[in-house]
Amino acid sequence: MGFRTVFVKNGETLRVKLDNLEISKNREYFVIPLSDIESVILEGEQTSISSRILAKFAQYHIELIVCDSKYLPAGVFLGLGQYHRSAKRAIWQSNWTEEQKQALWTVIILRKINNQIAFSEIANVDEERLETMKELRKNLKFGDESNREGHVAKVYFNSHFGLGFTREDDSLPNACMDYGYAIVRAQMARCVVAQGLLPMLGVFHRNEYNSFNLVDDLMEPFRPLMDYYIHREILTKEDKYLTYDSRIQLIDFLNQKIKIKNKKIYINQCMIDYVISFIKAMEKNDPAYLLDIDLINFVECEGK
Amino acid sequence: MFDLPSETKREMRDYRIFRKSLLENGFVMLQYSIYYRSLPNRSSLKKYESILKRLVPPGGNVRLLYVSETQFQDMILLAGSRSRQEEIVGANRLVVI
């Protein structure tokens with residue numbers, strides 16, 4: 001299992017060299033064993049890459065994230081069918097019942113709301129607004145049929161970034177969130193595919209144009225963690241836009257630690273465990289098996 | 001660390017295959033005949049130990065030494081300098097190139 005994230009800015013070529021990834025930049029060569037790599041992030045538009053290395057990436061479950069000219073992650077390349085029993089998983093997954101899916105979704109969304117409230121408490125949001133969010137949480141119904149998620153999110157974002165805030169604005173917090181969520185999403189997609197699940201069949205998201213419905217479902221509890229991390233590491237600086245250093249910092253989110261079952265583990269490892277626990281919850285038909293991703297356990301591990 | 005005989009053609013061939021398989025398994029040359037590889041945890045040390053045991057050619061002298069990350073970082077350089085590979089890749093979880 002890989003443990004390294006490789007970020008390449010304006011590299012020249014990526015090649016395979018004896019089961020290693022060889023990166024050349026400014027006439028310097030670096031080799032990294034493929035089996036060590038978890039993900040590769042490419043920025044800048046001059047890097048050339050061979051189909052041979054893409055095939056190797058797929059075999060080794062390495063995700064490749066490509067960024068556009070605004071430095072935002074634009075696409076993910078993932079291997080398919082590299083899991084040893086992918087057909088079995090796919091058939092099983094397409095047979096999930098509506099009730100099973102909704103039960104899981106209720107738990108996932110409750111965890112997300114919990115984390116949003118926890119972060120709001122840390123950020124000293126008005127008591128009144130906290131109460132509103134807690135009130136909305138109380139009314140969470142099975143399968144979130146009354147869309148409490150959306151209502152909480154509105155109060156949550158408005159409390160943190162002001163009343164006029166929308167996720168469509170061209171502002172620094174939005175740029176950070178777009179970037180940060182894309183990193184989390186790509187990592188989650190990698191974990192999902194590595195376990196042989198089909199990322200397009202979700203438990204709640206069912207957009208027919210989205211090939212990552214399941215990923216978008218599963219990553220929900222991690223969003224407030226990223227928000228907190230952005231708040232702590234980037235918004236405290238005086239930057240006006242998303243700088244190179246900030247982008248590296250956001251990628252390093254995956255190397256932060258979180259306490260799970262009284263053990264401190266890296267976030268990227270935690271995501272793998274989380275997906276495995278999701279599979280177990282589905283198999284046993286009991287949402288209680290789903291790993292609890294708690295913001296407080298993340299805050300505690302600050303400074304490693 | 002290794003010393004391998006290179007008298008006969010057969011021995012030369014064994015040496016080439018051994019060196020190549022070291023590189024394939026992610027080892028990097030530190031200096032002549034000394035190769036290293038950083039690993040995330042103890043269980044993978046054992047894994048690579050057994051891989052190496054399978055690879056060693058007969059009639060050579062090959063040694064394996066486990067060194068912690070801190071010990072490796074504290075290595076004193078008496079002459080020469082660290083390679084860029086060591087600095088940038090090293091044992092880092094986030095490699096920025």
# chains A, B, ... in the order shown; residues from 1 in each chain; ligands from 1
call {"tool": "residues_around", "arguments": {"residues": "Asn210 in chain A", "least_positions_apart": "5", "cutoff": "10 Å", "atoms": "only C-alpha atoms", "output": "list in words"}}
result
Pro199, Met200, Leu201, Gly202, His205 and Asp216 of chain A
call {"tool": "write_last_selection", "arguments": {"atoms": "C-alpha atoms", "output": "CSV table (one decimal), in the first residue's frame"}}
result
chain,number,residue,atom,x,y,z
A,199,PRO,CA,-18.1,4.8,-7.8
A,200,MET,CA,-21.2,5.7,-10.0
A,201,LEU,CA,-23.7,3.8,-7.9
A,202,GLY,CA,-24.4,5.9,-4.8
A,205,HIS,CA,-26.5,11.0,-5.1
A,216,ASP,CA,-19.8,12.2,-3.1
call {"tool": "select_by_dssp", "arguments": {"residues": "chain B", "states": "strand (DSSP E or B)", "output": "number ranges by chain"}}
result
B: 2-3, 28-31, 34-36, 61-62, 94-96
call {"tool": "interface_residues", "arguments": {"of": "chain B", "to": "chain A", "cutoff": "8 Å", "atoms": "only C-alpha atoms", "output": "VMD selection string"}}
result
chain B and resid 20 23 to 27 40 85 89 92 to 97
call {"tool": "select_by_dssp", "arguments": {"residues": "range 152-259 of chain A", "states": "helix (DSSP H, G or I)", "output": "PyMOL selection string"}}
result
chain A and resi 152-161+172-194+213-218+220-233+244-255
call {"tool": "closest_residue", "arguments": {"among": "B:Arg82, B:Ser44, B:Glu49, B:Ser38", "to": "Glu69 in chain B", "atoms": "only C-alpha atoms"}}
result
B:Ser38
call {"tool": "residues_around", "arguments": {"residues": "Asn174 in chain A", "least_positions_apart": "5", "cutoff": "12 Å", "atoms": "only C-alpha atoms", "output": "list in words"}}
result
Leu72, Phe157, His160, Phe161, Phe165, Thr166, Arg167, Glu168, Asp169, Tyr179, Gly180, Tyr181, Ala182, Asp227, Ile230, His231, Leu235, Tyr241 and Leu242 of chain A
call {"tool": "residues_around", "arguments": {"residues": "Asp126 in chain A", "least_positions_apart": "4", "cutoff": "12 Å", "atoms": "only C-alpha atoms", "output": "PDB file with all heavy atoms, in the first residue's frame"}}
result
ATOM      1  N   ILE A 117     -21.461  21.330  13.156  1.00  0.00           N
ATOM      2  CA  ILE A 117     -21.770  22.026  14.410  1.00  0.00           C
ATOM      3  C   ILE A 117     -20.515  22.130  15.274  1.00  0.00           C
ATOM      4  O   ILE A 117     -20.221  23.182  15.843  1.00  0.00           O
ATOM      5  CB  ILE A 117     -22.919  21.321  15.146  1.00  0.00           C
ATOM      6  CG1 ILE A 117     -24.203  21.433  14.311  1.00  0.00           C
ATOM      7  CG2 ILE A 117     -23.133  21.917  16.536  1.00  0.00           C
ATOM      8  CD1 ILE A 117     -25.400  20.712  14.867  1.00  0.00           C
ATOM      9  N   SER A 120     -18.395  24.842  13.989  1.00  0.00           N
ATOM     10  CA  SER A 120     -18.994  26.145  14.281  1.00  0.00           C
ATOM     11  C   SER A 120     -18.761  26.532  15.732  1.00  0.00           C
ATOM     12  O   SER A 120     -18.547  27.703  16.038  1.00  0.00           O
ATOM     13  CB  SER A 120     -20.498  26.112  13.995  1.00  0.00           C
ATOM     14  OG  SER A 120     -20.711  25.710  12.676  1.00  0.00           O
ATOM     15  N   GLU A 121     -18.789  25.542  16.618  1.00  0.00           N
ATOM     16  CA  GLU A 121     -18.528  25.829  18.027  1.00  0.00           C
ATOM     17  C   GLU A 121     -17.090  26.306  18.219  1.00  0.00           C
ATOM     18  O   GLU A 121     -16.827  27.257  18.948  1.00  0.00           O
ATOM     19  CB  GLU A 121     -18.811  24.589  18.885  1.00  0.00           C
ATOM     20  CG  GLU A 121     -20.274  24.518  19.290  1.00  0.00           C
ATOM     21  CD  GLU A 121     -20.668  23.200  19.937  1.00  0.00           C
ATOM     22  OE1 GLU A 121     -19.846  22.251  19.917  1.00  0.00           O
ATOM     23  OE2 GLU A 121     -21.802  23.118  20.437  1.00  0.00           O
ATOM     24  N   ILE A 122     -16.171  25.629  17.544  1.00  0.00           N
ATOM     25  CA  ILE A 122     -14.759  26.014  17.658  1.00  0.00           C
ATOM     26  C   ILE A 122     -14.557  27.426  17.110  1.00  0.00           C
ATOM     27  O   ILE A 122     -13.800  28.224  17.653  1.00  0.00           O
ATOM     28  CB  ILE A 122     -13.871  25.013  16.897  1.00  0.00           C
ATOM     29  CG1 ILE A 122     -13.907  23.662  17.602  1.00  0.00           C
ATOM     30  CG2 ILE A 122     -12.436  25.511  16.793  1.00  0.00           C
ATOM     31  CD1 ILE A 122     -13.304  22.541  16.819  1.00  0.00           C
ATOM     32  N   LEU A 130     -26.046  28.438  16.347  1.00  0.00           N
ATOM     33  CA  LEU A 130     -25.758  27.070  16.777  1.00  0.00           C
ATOM     34  C   LEU A 130     -27.049  26.360  17.149  1.00  0.00           C
ATOM     35  O   LEU A 130     -27.279  25.200  16.783  1.00  0.00           O
ATOM     36  CB  LEU A 130     -24.816  27.083  17.987  1.00  0.00           C
ATOM     37  CG  LEU A 130     -23.343  27.346  17.691  1.00  0.00           C
ATOM     38  CD1 LEU A 130     -22.563  27.488  18.988  1.00  0.00           C
ATOM     39  CD2 LEU A 130     -22.752  26.229  16.865  1.00  0.00           C
ATOM     40  N   GLU A 131     -27.893  27.115  17.882  1.00  0.00           N
ATOM     41  CA  GLU A 131     -29.181  26.541  18.296  1.00  0.00           C
ATOM     42  C   GLU A 131     -30.011  26.153  17.078  1.00  0.00           C
ATOM     43  O   GLU A 131     -30.606  25.074  17.039  1.00  0.00           O
ATOM     44  CB  GLU A 131     -29.960  27.543  19.164  1.00  0.00           C
ATOM     45  CG  GLU A 131     -29.488  27.614  20.613  1.00  0.00           C
ATOM     46  CD  GLU A 131     -29.372  26.233  21.262  1.00  0.00           C
ATOM     47  OE1 GLU A 131     -30.289  25.409  21.078  1.00  0.00           O
ATOM     48  OE2 GLU A 131     -28.350  25.982  21.951  1.00  0.00           O
ATOM     49  N   THR A 132     -30.021  27.056  16.057  1.00  0.00           N
ATOM     50  CA  THR A 132     -30.775  26.764  14.834  1.00  0.00           C
ATOM     51  C   THR A 132     -30.298  25.457  14.206  1.00  0.00           C
ATOM     52  O   THR A 132     -31.095  24.597  13.823  1.00  0.00           O
ATOM     53  CB  THR A 132     -30.589  27.896  13.799  1.00  0.00           C
ATOM     54  OG1 THR A 132     -30.579  29.134  14.481  1.00  0.00           O
ATOM     55  CG2 THR A 132     -31.667  27.868  12.747  1.00  0.00           C
ATOM     56  N   MET A 133     -28.979  25.304  14.146  1.00  0.00           N
ATOM     57  CA  MET A 133     -28.432  24.088  13.526  1.00  0.00           C
ATOM     58  C   MET A 133     -28.782  22.850  14.334  1.00  0.00           C
ATOM     59  O   MET A 133     -29.139  21.813  13.789  1.00  0.00           O
ATOM     60  CB  MET A 133     -26.911  24.219  13.374  1.00  0.00           C
ATOM     61  CG  MET A 133     -26.497  25.095  12.213  1.00  0.00           C
ATOM     62  SD  MET A 133     -24.742  24.956  11.840  1.00  0.00           S
ATOM     63  CE  MET A 133     -24.114  26.390  12.652  1.00  0.00           C
ATOM     64  N   VAL A 155     -27.244  27.575   6.858  1.00  0.00           N
ATOM     65  CA  VAL A 155     -26.959  28.298   8.100  1.00  0.00           C
ATOM     66  C   VAL A 155     -25.459  28.271   8.382  1.00  0.00           C
ATOM     67  O   VAL A 155     -24.851  29.272   8.763  1.00  0.00           O
ATOM     68  CB  VAL A 155     -27.721  27.652   9.282  1.00  0.00           C
ATOM     69  CG1 VAL A 155     -27.473  28.432  10.574  1.00  0.00           C
ATOM     70  CG2 VAL A 155     -29.201  27.580   8.991  1.00  0.00           C
ATOM     71  N   TYR A 156     -24.861  27.102   8.154  1.00  0.00           N
ATOM     72  CA  TYR A 156     -23.449  26.885   8.433  1.00  0.00           C
ATOM     73  C   TYR A 156     -22.558  27.827   7.608  1.00  0.00           C
ATOM     74  O   TYR A 156     -21.725  28.554   8.146  1.00  0.00           O
ATOM     75  CB  TYR A 156     -23.155  25.418   8.124  1.00  0.00           C
ATOM     76  CG  TYR A 156     -21.718  24.981   8.105  1.00  0.00           C
ATOM     77  CD1 TYR A 156     -21.014  24.762   9.291  1.00  0.00           C
ATOM     78  CD2 TYR A 156     -21.064  24.736   6.893  1.00  0.00           C
ATOM     79  CE1 TYR A 156     -19.706  24.322   9.260  1.00  0.00           C
ATOM     80  CE2 TYR A 156     -19.761  24.300   6.860  1.00  0.00           C
ATOM     81  CZ  TYR A 156     -19.087  24.091   8.043  1.00  0.00           C
ATOM     82  OH  TYR A 156     -17.791  23.651   8.009  1.00  0.00           O
ATOM     83  N   ASN A 158     -23.428  30.534   5.926  1.00  0.00           N
ATOM     84  CA  ASN A 158     -23.707  31.936   6.224  1.00  0.00           C
ATOM     85  C   ASN A 158     -23.069  32.372   7.543  1.00  0.00           C
ATOM     86  O   ASN A 158     -22.607  33.497   7.677  1.00  0.00           O
ATOM     87  CB  ASN A 158     -25.213  32.189   6.267  1.00  0.00           C
ATOM     88  CG  ASN A 158     -25.798  32.176   4.874  1.00  0.00           C
ATOM     89  OD1 ASN A 158     -25.060  32.296   3.893  1.00  0.00           O
ATOM     90  ND2 ASN A 158     -27.095  32.000   4.779  1.00  0.00           N
ATOM     91  N   SER A 159     -23.025  31.461   8.535  1.00  0.00           N
ATOM     92  CA  SER A 159     -22.425  31.831   9.815  1.00  0.00           C
ATOM     93  C   SER A 159     -20.927  32.043   9.679  1.00  0.00           C
ATOM     94  O   SER A 159     -20.343  32.858  10.371  1.00  0.00           O
ATOM     95  CB  SER A 159     -22.639  30.738  10.861  1.00  0.00           C
ATOM     96  OG  SER A 159     -23.880  30.163  10.731  1.00  0.00           O
ATOM     97  N   HIS A 160     -20.301  31.262   8.782  1.00  0.00           N
ATOM     98  CA  HIS A 160     -18.848  31.360   8.680  1.00  0.00           C
ATOM     99  C   HIS A 160     -18.384  32.460   7.737  1.00  0.00           C
ATOM    100  O   HIS A 160     -17.364  33.080   7.965  1.00  0.00           O
ATOM    101  CB  HIS A 160     -18.252  30.021   8.245  1.00  0.00           C
ATOM    102  CG  HIS A 160     -18.231  29.016   9.338  1.00  0.00           C
ATOM    103  ND1 HIS A 160     -17.306  29.058  10.355  1.00  0.00           N
ATOM    104  CD2 HIS A 160     -19.047  27.976   9.605  1.00  0.00           C
ATOM    105  CE1 HIS A 160     -17.543  28.065  11.193  1.00  0.00           C
ATOM    106  NE2 HIS A 160     -18.594  27.396  10.773  1.00  0.00           N
TER     107      HIS A 160
END
call {"tool": "closest_residue", "arguments": {"among": "A:Asn297, A:Asn262, A:Gln195, A:Thr106", "to": "Leu225 in chain A", "atoms": "only C-alpha atoms"}}
result
A:Asn297
call {"tool": "residues_around", "arguments": {"residues": "Asn114 in chain A", "least_positions_apart": "3", "cutoff": "10 Å", "atoms": "only C-alpha atoms", "output": "PyMOL selection string"}}
result
chain A and resi 108-111+117-120+133-134+137+221+224+293-295
call {"tool": "atom_distance", "arguments": {"atom1": "CA of Lys138 in chain A", "atom2": "CA of Asp292 in chain A"}}
result
18.7 Å
call {"tool": "closest_residue", "arguments": {"among": "B:Leu78, B:Ser33, B:Thr8, B:Ala91", "to": "Asn61 in chain B", "atoms": "only C-alpha atoms"}}
result
B:Ser33
call {"tool": "residues_around", "arguments": {"residues": "Ser86 in chain A", "least_positions_apart": "4", "cutoff": "10 Å", "atoms": "only C-alpha atoms", "output": "list of chain:residue names"}}
result
A:Leu80, A:Gly81, A:Gln82, A:Ala90, A:Ile91, A:Trp92, A:Val193, A:Ala194, A:Gln195, A:Gly196, A:Leu197, A:Leu198
call {"tool": "write_last_selection", "arguments": {"atoms": "N, CA and C atoms", "output": "mmCIF file, in the first residue's frame"}}
result
data_model
loop_
_atom_site.group_PDB
_atom_site.id
_atom_site.type_symbol
_atom_site.label_atom_id
_atom_site.label_comp_id
_atom_site.auth_asym_id
_atom_site.auth_seq_id
_atom_site.Cartn_x
_atom_site.Cartn_y
_atom_site.Cartn_z
ATOM 1 N N LEU A 80 -9.640 0.637 -13.246
ATOM 2 C CA LEU A 80 -10.936 -0.025 -13.078
ATOM 3 C C LEU A 80 -10.727 -1.532 -13.060
ATOM 4 N N GLY A 81 -11.525 -2.214 -12.261
ATOM 5 C CA GLY A 81 -11.502 -3.671 -12.305
ATOM 6 C C GLY A 81 -10.200 -4.291 -11.863
ATOM 7 N N GLN A 82 -9.444 -3.563 -11.018
ATOM 8 C CA GLN A 82 -8.195 -4.146 -10.527
ATOM 9 C C GLN A 82 -8.426 -4.923 -9.226
ATOM 10 N N ALA A 90 -19.817 -5.691 -7.814
ATOM 11 C CA ALA A 90 -20.701 -4.878 -8.655
ATOM 12 C C ALA A 90 -22.137 -5.404 -8.598
ATOM 13 N N ILE A 91 -22.286 -6.733 -8.669
ATOM 14 C CA ILE A 91 -23.630 -7.325 -8.623
ATOM 15 C C ILE A 91 -24.263 -7.045 -7.263
ATOM 16 N N TRP A 92 -23.451 -7.251 -6.216
ATOM 17 C CA TRP A 92 -23.933 -7.005 -4.850
ATOM 18 C C TRP A 92 -24.371 -5.557 -4.696
ATOM 19 N N VAL A 193 -12.612 2.614 -5.425
ATOM 20 C CA VAL A 193 -12.279 1.753 -6.560
ATOM 21 C C VAL A 193 -11.374 0.605 -6.125
ATOM 22 N N ALA A 194 -10.444 0.907 -5.209
ATOM 23 C CA ALA A 194 -9.515 -0.134 -4.753
ATOM 24 C C ALA A 194 -10.262 -1.263 -4.038
ATOM 25 N N GLN A 195 -11.433 -0.977 -3.472
ATOM 26 C CA GLN A 195 -12.212 -2.018 -2.800
ATOM 27 C C GLN A 195 -13.190 -2.689 -3.761
ATOM 28 N N GLY A 196 -13.111 -2.359 -5.045
ATOM 29 C CA GLY A 196 -13.941 -3.023 -6.031
ATOM 30 C C GLY A 196 -15.357 -2.493 -6.120
ATOM 31 N N LEU A 197 -15.634 -1.369 -5.486
ATOM 32 C CA LEU A 197 -16.976 -0.788 -5.582
ATOM 33 C C LEU A 197 -17.086 0.047 -6.859
ATOM 34 N N LEU A 198 -18.296 0.177 -7.363
ATOM 35 C CA LEU A 198 -18.502 1.033 -8.521
ATOM 36 C C LEU A 198 -18.792 2.446 -8.025
#
call {"tool": "atom_distance", "arguments": {"atom1": "CA of Ser21 in chain B", "atom2": "CA of Glu22 in chain A"}}
result
16.2 Å
call {"tool": "residues_around", "arguments": {"residues": "Ile53 in chain A", "least_positions_apart": "5", "cutoff": "8 Å", "atoms": "only C-alpha atoms", "output": "CSV table (one decimal) with N, CA, C and O atoms, in the first residue's frame"}}
result
chain,number,residue,atom,x,y,z
A,14,LEU,N,7.1,12.2,-17.3
A,14,LEU,CA,6.9,11.1,-16.3
A,14,LEU,C,7.1,9.8,-17.1
A,14,LEU,O,6.5,9.6,-18.1
A,15,ARG,N,8.0,8.9,-16.6
A,15,ARG,CA,8.2,7.7,-17.3
A,15,ARG,C,8.3,6.5,-16.3
A,15,ARG,O,8.5,6.7,-15.1
A,16,VAL,N,8.2,5.3,-16.8
A,16,VAL,CA,8.4,4.1,-16.0
A,16,VAL,C,9.9,3.7,-16.1
A,16,VAL,O,10.4,3.7,-17.2
A,21,LEU,N,8.7,5.3,-10.8
A,21,LEU,CA,8.2,6.4,-11.6
A,21,LEU,C,9.4,7.4,-11.7
A,21,LEU,O,10.1,7.7,-10.7
call {"tool": "atom_distance", "arguments": {"atom1": "CA of Phe2 in chain B", "atom2": "CA of Leu45 in chain B"}}
result
18.3 Å
call {"tool": "decode", "arguments": {"residues": "range 38-49 of chain B", "atoms": "all heavy atoms", "output": "tab-separated table (two decimals), in the first residue's frame"}}
result
chain	number	residue	atom	x	y	z
B	38	SER	N	13.24	3.53	1.73
B	38	SER	CA	12.49	3.89	2.93
B	38	SER	C	11.12	3.21	2.91
B	38	SER	O	10.51	3.07	1.86
B	38	SER	CB	12.33	5.40	3.04
B	38	SER	OG	11.89	5.92	1.82
B	39	LEU	N	10.68	2.78	4.08
B	39	LEU	CA	9.43	2.03	4.20
B	39	LEU	C	8.58	2.61	5.32
B	39	LEU	O	9.09	3.16	6.28
B	39	LEU	CB	9.74	0.56	4.50
B	39	LEU	CG	10.35	-0.21	3.33
B	39	LEU	CD1	10.94	-1.52	3.78
B	39	LEU	CD2	9.32	-0.44	2.25
B	40	PRO	N	7.25	2.50	5.16
B	40	PRO	CA	6.37	3.17	6.11
B	40	PRO	C	6.23	2.48	7.47
B	40	PRO	O	5.98	3.13	8.47
B	40	PRO	CB	5.03	3.21	5.39
B	40	PRO	CG	5.08	2.08	4.43
B	40	PRO	CD	6.50	1.90	4.06
B	41	ASN	N	6.38	1.17	7.53
B	41	ASN	CA	6.16	0.49	8.82
B	41	ASN	C	6.96	-0.80	8.94
B	41	ASN	O	7.59	-1.24	7.98
B	41	ASN	CB	4.67	0.21	9.03
B	41	ASN	CG	4.08	-0.50	7.84
B	41	ASN	OD1	4.68	-1.42	7.30
B	41	ASN	ND2	2.92	-0.05	7.40
B	42	ARG	N	6.91	-1.40	10.13
B	42	ARG	CA	7.73	-2.57	10.39
B	42	ARG	C	7.35	-3.79	9.57
B	42	ARG	O	8.21	-4.56	9.16
B	42	ARG	CB	7.66	-2.94	11.88
B	42	ARG	CG	8.62	-2.13	12.69
B	42	ARG	CD	8.40	-2.35	14.17
B	42	ARG	NE	9.01	-1.24	14.89
B	42	ARG	CZ	10.30	-1.15	15.14
B	42	ARG	NH1	11.12	-2.10	14.75
B	42	ARG	NH2	10.79	-0.11	15.77
B	43	SER	N	6.05	-3.95	9.33
B	43	SER	CA	5.65	-5.16	8.61
B	43	SER	C	6.19	-5.15	7.18
B	43	SER	O	6.51	-6.20	6.64
B	43	SER	CB	4.14	-5.31	8.63
B	43	SER	OG	3.53	-4.21	8.01
B	44	SER	N	6.32	-3.95	6.59
B	44	SER	CA	6.86	-3.95	5.24
B	44	SER	C	8.38	-4.19	5.23
B	44	SER	O	8.92	-4.63	4.23
B	44	SER	CB	6.50	-2.68	4.48
B	44	SER	OG	6.65	-1.56	5.28
B	45	LEU	N	9.04	-3.94	6.37
B	45	LEU	CA	10.47	-4.28	6.44
B	45	LEU	C	10.64	-5.79	6.23
B	45	LEU	O	11.48	-6.24	5.46
B	45	LEU	CB	11.04	-3.92	7.81
B	45	LEU	CG	11.10	-2.46	8.24
B	45	LEU	CD1	11.71	-2.35	9.63
B	45	LEU	CD2	11.91	-1.63	7.27
B	46	LYS	N	9.78	-6.55	6.93
B	46	LYS	CA	9.86	-8.02	6.84
B	46	LYS	C	9.58	-8.48	5.41
B	46	LYS	O	10.20	-9.40	4.91
B	46	LYS	CB	8.85	-8.66	7.80
B	46	LYS	CG	9.24	-8.50	9.26
B	46	LYS	CD	10.42	-9.40	9.61
B	46	LYS	CE	11.09	-8.91	10.89
B	46	LYS	NZ	12.53	-9.12	10.93
B	47	LYS	N	8.62	-7.80	4.78
B	47	LYS	CA	8.25	-8.16	3.41
B	47	LYS	C	9.47	-8.01	2.49
B	47	LYS	O	9.79	-8.90	1.72
B	47	LYS	CB	7.11	-7.25	2.95
B	47	LYS	CG	6.63	-7.53	1.54
B	47	LYS	CD	5.54	-6.54	1.14
B	47	LYS	CE	5.62	-6.27	-0.35
B	47	LYS	NZ	4.96	-5.02	-0.73
B	48	TYR	N	10.15	-6.87	2.63
B	48	TYR	CA	11.30	-6.64	1.74
B	48	TYR	C	12.47	-7.53	2.11
B	48	TYR	O	13.27	-7.89	1.26
B	48	TYR	CB	11.67	-5.16	1.71
B	48	TYR	CG	10.77	-4.41	0.76
B	48	TYR	CD1	9.58	-3.86	1.20
B	48	TYR	CD2	11.08	-4.35	-0.60
B	48	TYR	CE1	8.72	-3.22	0.31
B	48	TYR	CE2	10.23	-3.72	-1.49
B	48	TYR	CZ	9.05	-3.16	-1.02
B	48	TYR	OH	8.20	-2.55	-1.90
B	49	GLU	N	12.55	-7.90	3.38
B	49	GLU	CA	13.61	-8.83	3.78
B	49	GLU	C	13.46	-10.15	3.03
B	49	GLU	O	14.41	-10.67	2.47
B	49	GLU	CB	13.55	-9.05	5.30
B	49	GLU	CG	14.71	-9.88	5.82
B	49	GLU	CD	14.62	-10.11	7.32
B	49	GLU	OE1	14.39	-9.13	8.06
B	49	GLU	OE2	14.78	-11.27	7.73
